[in-house]
Amino acid sequence: MSAPDVPVLRGARCVLRPLGINDAPSLQLHADNELVWRNLFEGFPRPYTLADAQNWCAVTSHSPAMGLVWGIERDGQIVGCISVRPESGWMRCNAEVGYWIGQAYWRRGIASEALRLVTSWAWASLPEVTRLFAPIFAWNEGSQGVARKCGYDKEAELRRSAIKAGQVIDRVQWAAIRPINPGANAIIQP
């Protein structure tokens, strides 16, 4: 399946849009925070430099391996990112979602709105995807709350399944399953 272009998605609290090189300064400002870094994958740089932000903005616009990446815009600046990365081959009915938001914008409903927008977009635009999943560090109650508010269910506790800051840690996995449309042809037959 070829990935569609990253569309602009508008909500009441934020706009999701493709990243451009001019977004690098605000991206760097919000990503260069130890509390943000603590909850992101092992390769996420700390400190997060302007060069890191510029590279991310450049790579996300043309790397199929990254999936679809949106900048989360609020108050005229990028305050975080959200992505959908469809899997391929026999696992192509799955797509991983990931999101983060700058600490100054926590607890305002922005991340929840962003996940709702992306989830709705995925169901409408990725017909083979039947399952969206979000692996989240077990200690990250905020991101788990976002998933819960958006109708994702906790599927699994993935003990000792990742490395962060040189330590083996636990994750939990949250997932949403495509709503069944009785009038549509099912991709998977029983």
# chains A, B, ... in the order shown; residues from 1 in each chain; ligands from 1

call {"tool": "residues_around", "arguments": {"residues": "A:Asp170", "least_positions_apart": "3", "cutoff": "10 Å", "atoms": "only C-alpha atoms", "output": "ChimeraX atom specification"}}
result
/A:136-139,157-164,167

call {"tool": "residues_around", "arguments": {"residues": "A:Ala111", "least_positions_apart": "6", "cutoff": "8 Å", "atoms": "only C-alpha atoms", "output": "PyMOL selection string"}}
result
chain A and resi 99-101+146

call {"tool": "residues_around", "arguments": {"residues": "A:Gln77", "least_positions_apart": "5", "cutoff": "12 Å", "atoms": "only C-alpha atoms", "output": "ChimeraX atom specification"}}
result
/A:14-17,19-20,22-30,71-72,101-102,105

call {"tool": "write_last_selection", "arguments": {"atoms": "N, CA and C atoms", "output": "mmCIF file, in the first residue's frame"}}
result
data_model
loop_
_atom_site.group_PDB
_atom_site.id
_atom_site.type_symbol
_atom_site.label_atom_id
_atom_site.label_comp_id
_atom_site.auth_asym_id
_atom_site.auth_seq_id
_atom_site.Cartn_x
_atom_site.Cartn_y
_atom_site.Cartn_z
ATOM 1 N N CYS A 14 -6.557 22.298 18.048
ATOM 2 C CA CYS A 14 -5.285 22.244 17.322
ATOM 3 C C CYS A 14 -5.521 22.000 15.840
ATOM 4 N N VAL A 15 -4.470 22.220 15.077
ATOM 5 C CA VAL A 15 -4.435 21.878 13.656
ATOM 6 C C VAL A 15 -3.293 20.892 13.486
ATOM 7 N N LEU A 16 -3.551 19.816 12.768
ATOM 8 C CA LEU A 16 -2.498 18.862 12.439
ATOM 9 C C LEU A 16 -2.117 19.112 10.996
ATOM 10 N N ARG A 17 -0.801 19.259 10.749
ATOM 11 C CA ARG A 17 -0.353 19.570 9.388
ATOM 12 C C ARG A 17 1.045 19.033 9.167
ATOM 13 N N LEU A 19 4.949 18.946 8.564
ATOM 14 C CA LEU A 19 6.031 19.785 9.083
ATOM 15 C C LEU A 19 6.813 20.413 7.941
ATOM 16 N N GLY A 20 7.262 21.623 8.154
ATOM 17 C CA GLY A 20 8.148 22.306 7.224
ATOM 18 C C GLY A 20 9.391 22.767 7.962
ATOM 19 N N ASN A 22 10.574 25.569 8.479
ATOM 20 C CA ASN A 22 10.335 26.742 9.330
ATOM 21 C C ASN A 22 9.750 26.385 10.688
ATOM 22 N N ASP A 23 9.304 25.143 10.849
ATOM 23 C CA ASP A 23 8.761 24.683 12.136
ATOM 24 C C ASP A 23 9.845 24.239 13.107
ATOM 25 N N ALA A 24 11.069 24.122 12.628
ATOM 26 C CA ALA A 24 12.144 23.578 13.460
ATOM 27 C C ALA A 24 12.354 24.346 14.767
ATOM 28 N N PRO A 25 12.368 25.681 14.792
ATOM 29 C CA PRO A 25 12.590 26.365 16.077
ATOM 30 C C PRO A 25 11.532 26.048 17.141
ATOM 31 N N SER A 26 10.248 26.040 16.772
ATOM 32 C CA SER A 26 9.233 25.737 17.790
ATOM 33 C C SER A 26 9.265 24.255 18.163
ATOM 34 N N LEU A 27 9.546 23.393 17.192
ATOM 35 C CA LEU A 27 9.682 21.971 17.488
ATOM 36 C C LEU A 27 10.818 21.750 18.490
ATOM 37 N N GLN A 28 11.940 22.387 18.251
ATOM 38 C CA GLN A 28 13.085 22.257 19.151
ATOM 39 C C GLN A 28 12.758 22.770 20.552
ATOM 40 N N LEU A 29 12.068 23.896 20.630
ATOM 41 C CA LEU A 29 11.699 24.479 21.921
ATOM 42 C C LEU A 29 10.888 23.498 22.763
ATOM 43 N N HIS A 30 9.919 22.823 22.161
ATOM 44 C CA HIS A 30 9.042 21.940 22.919
ATOM 45 C C HIS A 30 9.613 20.541 23.098
ATOM 46 N N GLY A 71 2.699 17.691 12.393
ATOM 47 C CA GLY A 71 3.010 18.600 13.471
ATOM 48 C C GLY A 71 1.701 18.998 14.124
ATOM 49 N N ILE A 72 1.703 19.100 15.441
ATOM 50 C CA ILE A 72 0.525 19.562 16.175
ATOM 51 C C ILE A 72 0.698 21.061 16.382
ATOM 52 N N ILE A 101 3.582 15.848 23.079
ATOM 53 C CA ILE A 101 3.247 17.265 23.092
ATOM 54 C C ILE A 101 4.130 17.945 24.128
ATOM 55 N N GLY A 102 4.500 19.192 23.860
ATOM 56 C CA GLY A 102 5.341 19.947 24.778
ATOM 57 C C GLY A 102 4.675 20.147 26.132
ATOM 58 N N TYR A 105 1.848 22.506 27.076
ATOM 59 C CA TYR A 105 0.522 22.250 26.511
ATOM 60 C C TYR A 105 -0.135 20.983 27.058
#

call {"tool": "atom_distance", "arguments": {"atom1": "atom CA of A:Gly145", "atom2": "atom CA of A:Asn33"}}
result
20.5 Å

call {"tool": "atom_distance", "arguments": {"atom1": "atom CA of A:Gly11", "atom2": "atom CA of A:Glu113"}}
result
6.9 Å

call {"tool": "atom_distance", "arguments": {"atom1": "atom CA of A:Leu115", "atom2": "atom CA of A:Gly89"}}
result
25.1 Å

call {"tool": "select_by_dssp", "arguments": {"residues": "chain A", "states": "alpha helix (DSSP H)", "output": "compact mmCIF listing (two decimals) with C-alpha atoms, in the first residue's frame"}}
result
# COMPACT_ATOMS: atom_id res chain seq x y z
CA ALA A 24 12.14 23.58 13.46
CA PRO A 25 12.59 26.37 16.08
CA SER A 26 9.23 25.74 17.79
CA LEU A 27 9.68 21.97 17.49
CA GLN A 28 13.09 22.26 19.15
CA LEU A 29 11.70 24.48 21.92
CA HIS A 30 9.04 21.94 22.92
CA ALA A 31 11.06 18.76 22.31
CA GLU A 34 13.63 16.14 29.88
CA LEU A 35 10.03 15.26 30.79
CA VAL A 36 9.11 14.98 27.11
CA TRP A 37 12.28 13.03 26.29
CA LEU A 50 17.87 22.94 16.38
CA ALA A 51 19.80 20.67 13.98
CA ASP A 52 17.81 17.66 15.30
CA ALA A 53 14.57 19.55 14.69
CA GLN A 54 15.62 20.61 11.20
CA ASN A 55 16.56 17.02 10.34
CA TRP A 56 13.24 15.70 11.66
CA CYS A 57 11.27 18.28 9.65
CA ALA A 58 13.21 17.33 6.49
CA VAL A 59 13.05 13.54 6.97
CA THR A 60 9.34 13.30 7.81
CA ILE A 110 -4.78 18.91 22.70
CA ALA A 111 -3.16 15.46 22.51
CA SER A 112 -6.57 13.78 22.88
CA GLU A 113 -8.00 15.87 20.07
CA ALA A 114 -4.98 15.11 17.88
CA LEU A 115 -5.37 11.36 18.46
CA ARG A 116 -9.12 11.53 17.72
CA LEU A 117 -8.44 13.42 14.48
CA VAL A 118 -5.78 10.95 13.34
CA THR A 119 -7.86 7.92 14.32
CA SER A 120 -10.87 9.20 12.35
CA TRP A 121 -8.63 10.03 9.41
CA ALA A 122 -7.07 6.53 9.47
CA TRP A 123 -10.46 4.79 9.42
CA ALA A 124 -11.55 6.94 6.47
CA SER A 125 -8.28 6.88 4.50
CA GLU A 141 -0.05 7.76 32.75
CA GLY A 142 -0.68 10.91 30.68
CA SER A 143 -0.33 9.16 27.32
CA GLN A 144 -2.36 6.21 28.58
CA GLY A 145 -5.09 8.66 29.60
CA VAL A 146 -5.07 10.15 26.09
CA ALA A 147 -5.50 6.69 24.54
CA ARG A 148 -8.27 5.79 27.00
CA LYS A 149 -10.17 9.05 26.31

call {"tool": "closest_residue", "arguments": {"among": "A:Leu40, A:Leu132, A:Leu68, A:Ile169", "to": "A:Glu96", "atoms": "only C-alpha atoms"}}
result
A:Leu132

call {"tool": "closest_residue", "arguments": {"among": "A:Gly151, A:Gly98, A:Val129, A:Gln173", "to": "A:Asn39", "atoms": "only C-alpha atoms"}}
result
A:Gly98

call {"tool": "residues_around", "arguments": {"residues": "A:Pro86", "least_positions_apart": "2", "cutoff": "7 Å", "atoms": "only C-alpha atoms", "output": "mmCIF file with N, CA and C atoms, in the first residue's frame"}}
result
data_model
loop_
_atom_site.group_PDB
_atom_site.id
_atom_site.type_symbol
_atom_site.label_atom_id
_atom_site.label_comp_id
_atom_site.auth_asym_id
_atom_site.auth_seq_id
_atom_site.Cartn_x
_atom_site.Cartn_y
_atom_site.Cartn_z
ATOM 1 N N GLY A 67 6.260 6.652 8.168
ATOM 2 C CA GLY A 67 4.806 6.704 8.130
ATOM 3 C C GLY A 67 4.357 8.121 7.842
ATOM 4 N N VAL A 84 1.205 8.102 12.233
ATOM 5 C CA VAL A 84 0.599 6.804 11.944
ATOM 6 C C VAL A 84 1.573 6.093 11.013
ATOM 7 N N SER A 88 3.361 -3.531 6.948
ATOM 8 C CA SER A 88 3.292 -4.057 5.588
ATOM 9 C C SER A 88 3.150 -5.574 5.625
ATOM 10 N N ARG A 92 -0.285 -5.800 7.437
ATOM 11 C CA ARG A 92 -0.686 -4.496 6.906
ATOM 12 C C ARG A 92 -2.040 -4.005 7.410
ATOM 13 N N ASN A 94 -2.521 -3.473 10.437
ATOM 14 C CA ASN A 94 -2.130 -2.761 11.653
ATOM 15 C C ASN A 94 -1.399 -1.468 11.312
ATOM 16 N N ALA A 95 -1.553 -0.481 12.194
ATOM 17 C CA ALA A 95 -0.760 0.746 12.079
ATOM 18 C C ALA A 95 -0.448 1.227 13.494
ATOM 19 N N GLU A 96 0.801 1.618 13.691
ATOM 20 C CA GLU A 96 1.222 2.145 14.989
ATOM 21 C C GLU A 96 0.992 3.645 15.027
#

call {"tool": "select_by_dssp", "arguments": {"residues": "stretch 42-86 of chain A", "states": "strand (DSSP E or B)", "output": "number ranges by chain"}}
result
A: 68-74, 77-86

call {"tool": "write_last_selection", "arguments": {"atoms": "C-alpha atoms", "output": "mmCIF file, in the first residue's frame"}}
result
data_model
loop_
_atom_site.group_PDB
_atom_site.id
_atom_site.type_symbol
_atom_site.label_atom_id
_atom_site.label_comp_id
_atom_site.auth_asym_id
_atom_site.auth_seq_id
_atom_site.Cartn_x
_atom_site.Cartn_y
_atom_site.Cartn_z
ATOM 1 C CA LEU A 68 2.674 9.823 8.158
ATOM 2 C CA VAL A 69 3.827 12.526 10.572
ATOM 3 C CA TRP A 70 1.853 15.611 11.501
ATOM 4 C CA GLY A 71 3.010 18.600 13.471
ATOM 5 C CA ILE A 72 0.525 19.562 16.175
ATOM 6 C CA GLU A 73 -0.041 23.293 15.781
ATOM 7 C CA ARG A 74 -1.413 25.459 18.581
ATOM 8 C CA GLN A 77 3.491 27.112 16.508
ATOM 9 C CA ILE A 78 4.291 23.410 16.433
ATOM 10 C CA VAL A 79 3.961 22.090 19.990
ATOM 11 C CA GLY A 80 4.275 18.345 19.299
ATOM 12 C CA CYS A 81 3.917 15.586 16.736
ATOM 13 C CA ILE A 82 1.624 12.658 16.012
ATOM 14 C CA SER A 83 2.184 9.857 13.532
ATOM 15 C CA VAL A 84 0.599 6.804 11.944
ATOM 16 C CA ARG A 85 2.926 4.126 10.596
ATOM 17 C CA PRO A 86 1.094 1.383 8.688
#

call {"tool": "decode", "arguments": {"residues": "stretch 93-190 of chain A", "atoms": "C-alpha atoms", "output": "compact mmCIF listing (two decimals), in the first residue's frame"}}
result
# COMPACT_ATOMS: atom_id res chain seq x y z
CA CYS A 93 -4.03 -4.36 8.73
CA ASN A 94 -2.13 -2.76 11.65
CA ALA A 95 -0.76 0.75 12.08
CA GLU A 96 1.22 2.14 14.99
CA VAL A 97 0.31 5.56 16.35
CA GLY A 98 2.66 7.69 18.39
CA TYR A 99 2.31 11.17 19.83
CA TRP A 100 3.97 13.70 22.08
CA ILE A 101 3.25 17.26 23.09
CA GLY A 102 5.34 19.95 24.78
CA GLN A 103 4.95 20.21 28.55
CA ALA A 104 3.54 23.76 28.35
CA TYR A 105 0.52 22.25 26.51
CA TRP A 106 -0.15 19.21 28.73
CA ARG A 107 -3.60 18.67 30.20
CA ARG A 108 -5.42 20.95 27.75
CA GLY A 109 -7.06 18.21 25.66
CA ILE A 110 -4.78 18.91 22.70
CA ALA A 111 -3.16 15.46 22.51
CA SER A 112 -6.57 13.78 22.88
CA GLU A 113 -8.00 15.87 20.07
CA ALA A 114 -4.98 15.11 17.88
CA LEU A 115 -5.37 11.36 18.46
CA ARG A 116 -9.12 11.53 17.72
CA LEU A 117 -8.44 13.42 14.48
CA VAL A 118 -5.78 10.95 13.34
CA THR A 119 -7.86 7.92 14.32
CA SER A 120 -10.87 9.20 12.35
CA TRP A 121 -8.63 10.03 9.41
CA ALA A 122 -7.07 6.53 9.47
CA TRP A 123 -10.46 4.79 9.42
CA ALA A 124 -11.55 6.94 6.47
CA SER A 125 -8.28 6.88 4.50
CA LEU A 126 -6.52 3.58 5.16
CA PRO A 127 -9.05 0.91 4.14
CA GLU A 128 -6.84 -2.08 4.93
CA VAL A 129 -6.03 -0.88 8.44
CA THR A 130 -8.35 -2.53 10.95
CA ARG A 131 -6.29 -1.91 14.08
CA LEU A 132 -4.40 1.10 15.41
CA PHE A 133 -2.05 0.44 18.30
CA ALA A 134 -0.02 2.64 20.63
CA PRO A 135 2.85 1.15 22.65
CA ILE A 136 3.34 3.44 25.66
CA PHE A 137 5.89 3.35 28.47
CA ALA A 138 4.14 1.86 31.53
CA TRP A 139 4.96 4.87 33.72
CA ASN A 140 3.42 7.34 31.24
CA GLU A 141 -0.05 7.76 32.75
CA GLY A 142 -0.68 10.91 30.68
CA SER A 143 -0.33 9.16 27.32
CA GLN A 144 -2.36 6.21 28.58
CA GLY A 145 -5.09 8.66 29.60
CA VAL A 146 -5.07 10.15 26.09
CA ALA A 147 -5.50 6.69 24.54
CA ARG A 148 -8.27 5.79 27.00
CA LYS A 149 -10.17 9.05 26.31
CA CYS A 150 -10.00 8.33 22.58
CA GLY A 151 -11.61 4.90 22.88
CA TYR A 152 -8.45 2.81 22.78
CA ASP A 153 -8.42 -0.28 25.01
CA LYS A 154 -5.46 -1.54 27.00
CA GLU A 155 -4.50 -4.78 25.26
CA ALA A 156 -1.33 -5.88 26.96
CA GLU A 157 1.36 -5.27 29.51
CA LEU A 158 4.65 -5.73 27.69
CA ARG A 159 7.06 -6.45 30.52
CA ARG A 160 10.74 -5.70 29.96
CA SER A 161 10.03 -4.93 26.29
CA ALA A 162 12.02 -1.75 25.61
CA ILE A 163 15.16 0.11 26.57
CA LYS A 164 15.17 3.72 27.73
CA ALA A 165 18.22 5.54 29.05
CA GLY A 166 20.08 2.24 29.16
CA GLN A 167 17.45 0.53 31.32
CA VAL A 168 15.07 -2.25 30.32
CA ILE A 169 11.54 -1.00 30.95
CA ASP A 170 7.91 -2.10 30.76
CA ARG A 171 5.41 -0.84 28.19
CA VAL A 172 1.67 -1.17 27.83
CA GLN A 173 -0.13 -1.44 24.53
CA TRP A 174 -3.37 0.34 23.75
CA ALA A 175 -5.38 -0.30 20.59
CA ALA A 176 -8.47 0.78 18.70
CA ILE A 177 -10.25 -1.57 16.33
CA ARG A 178 -11.98 -0.27 13.22
CA PRO A 179 -15.72 -0.01 13.81
CA ILE A 180 -17.57 -2.69 11.89
CA ASN A 181 -19.78 -1.49 9.07
CA PRO A 182 -22.28 -4.28 8.44
CA GLY A 183 -22.93 -3.07 4.86
CA ALA A 184 -19.26 -3.15 3.81
CA ASN A 185 -17.30 -6.13 2.53
CA ALA A 186 -15.01 -7.47 5.23
CA ILE A 187 -11.32 -7.74 4.44
CA ILE A 188 -10.96 -10.75 6.72
CA GLN A 189 -13.32 -13.68 6.26
CA PRO A 190 -14.05 -16.02 9.20
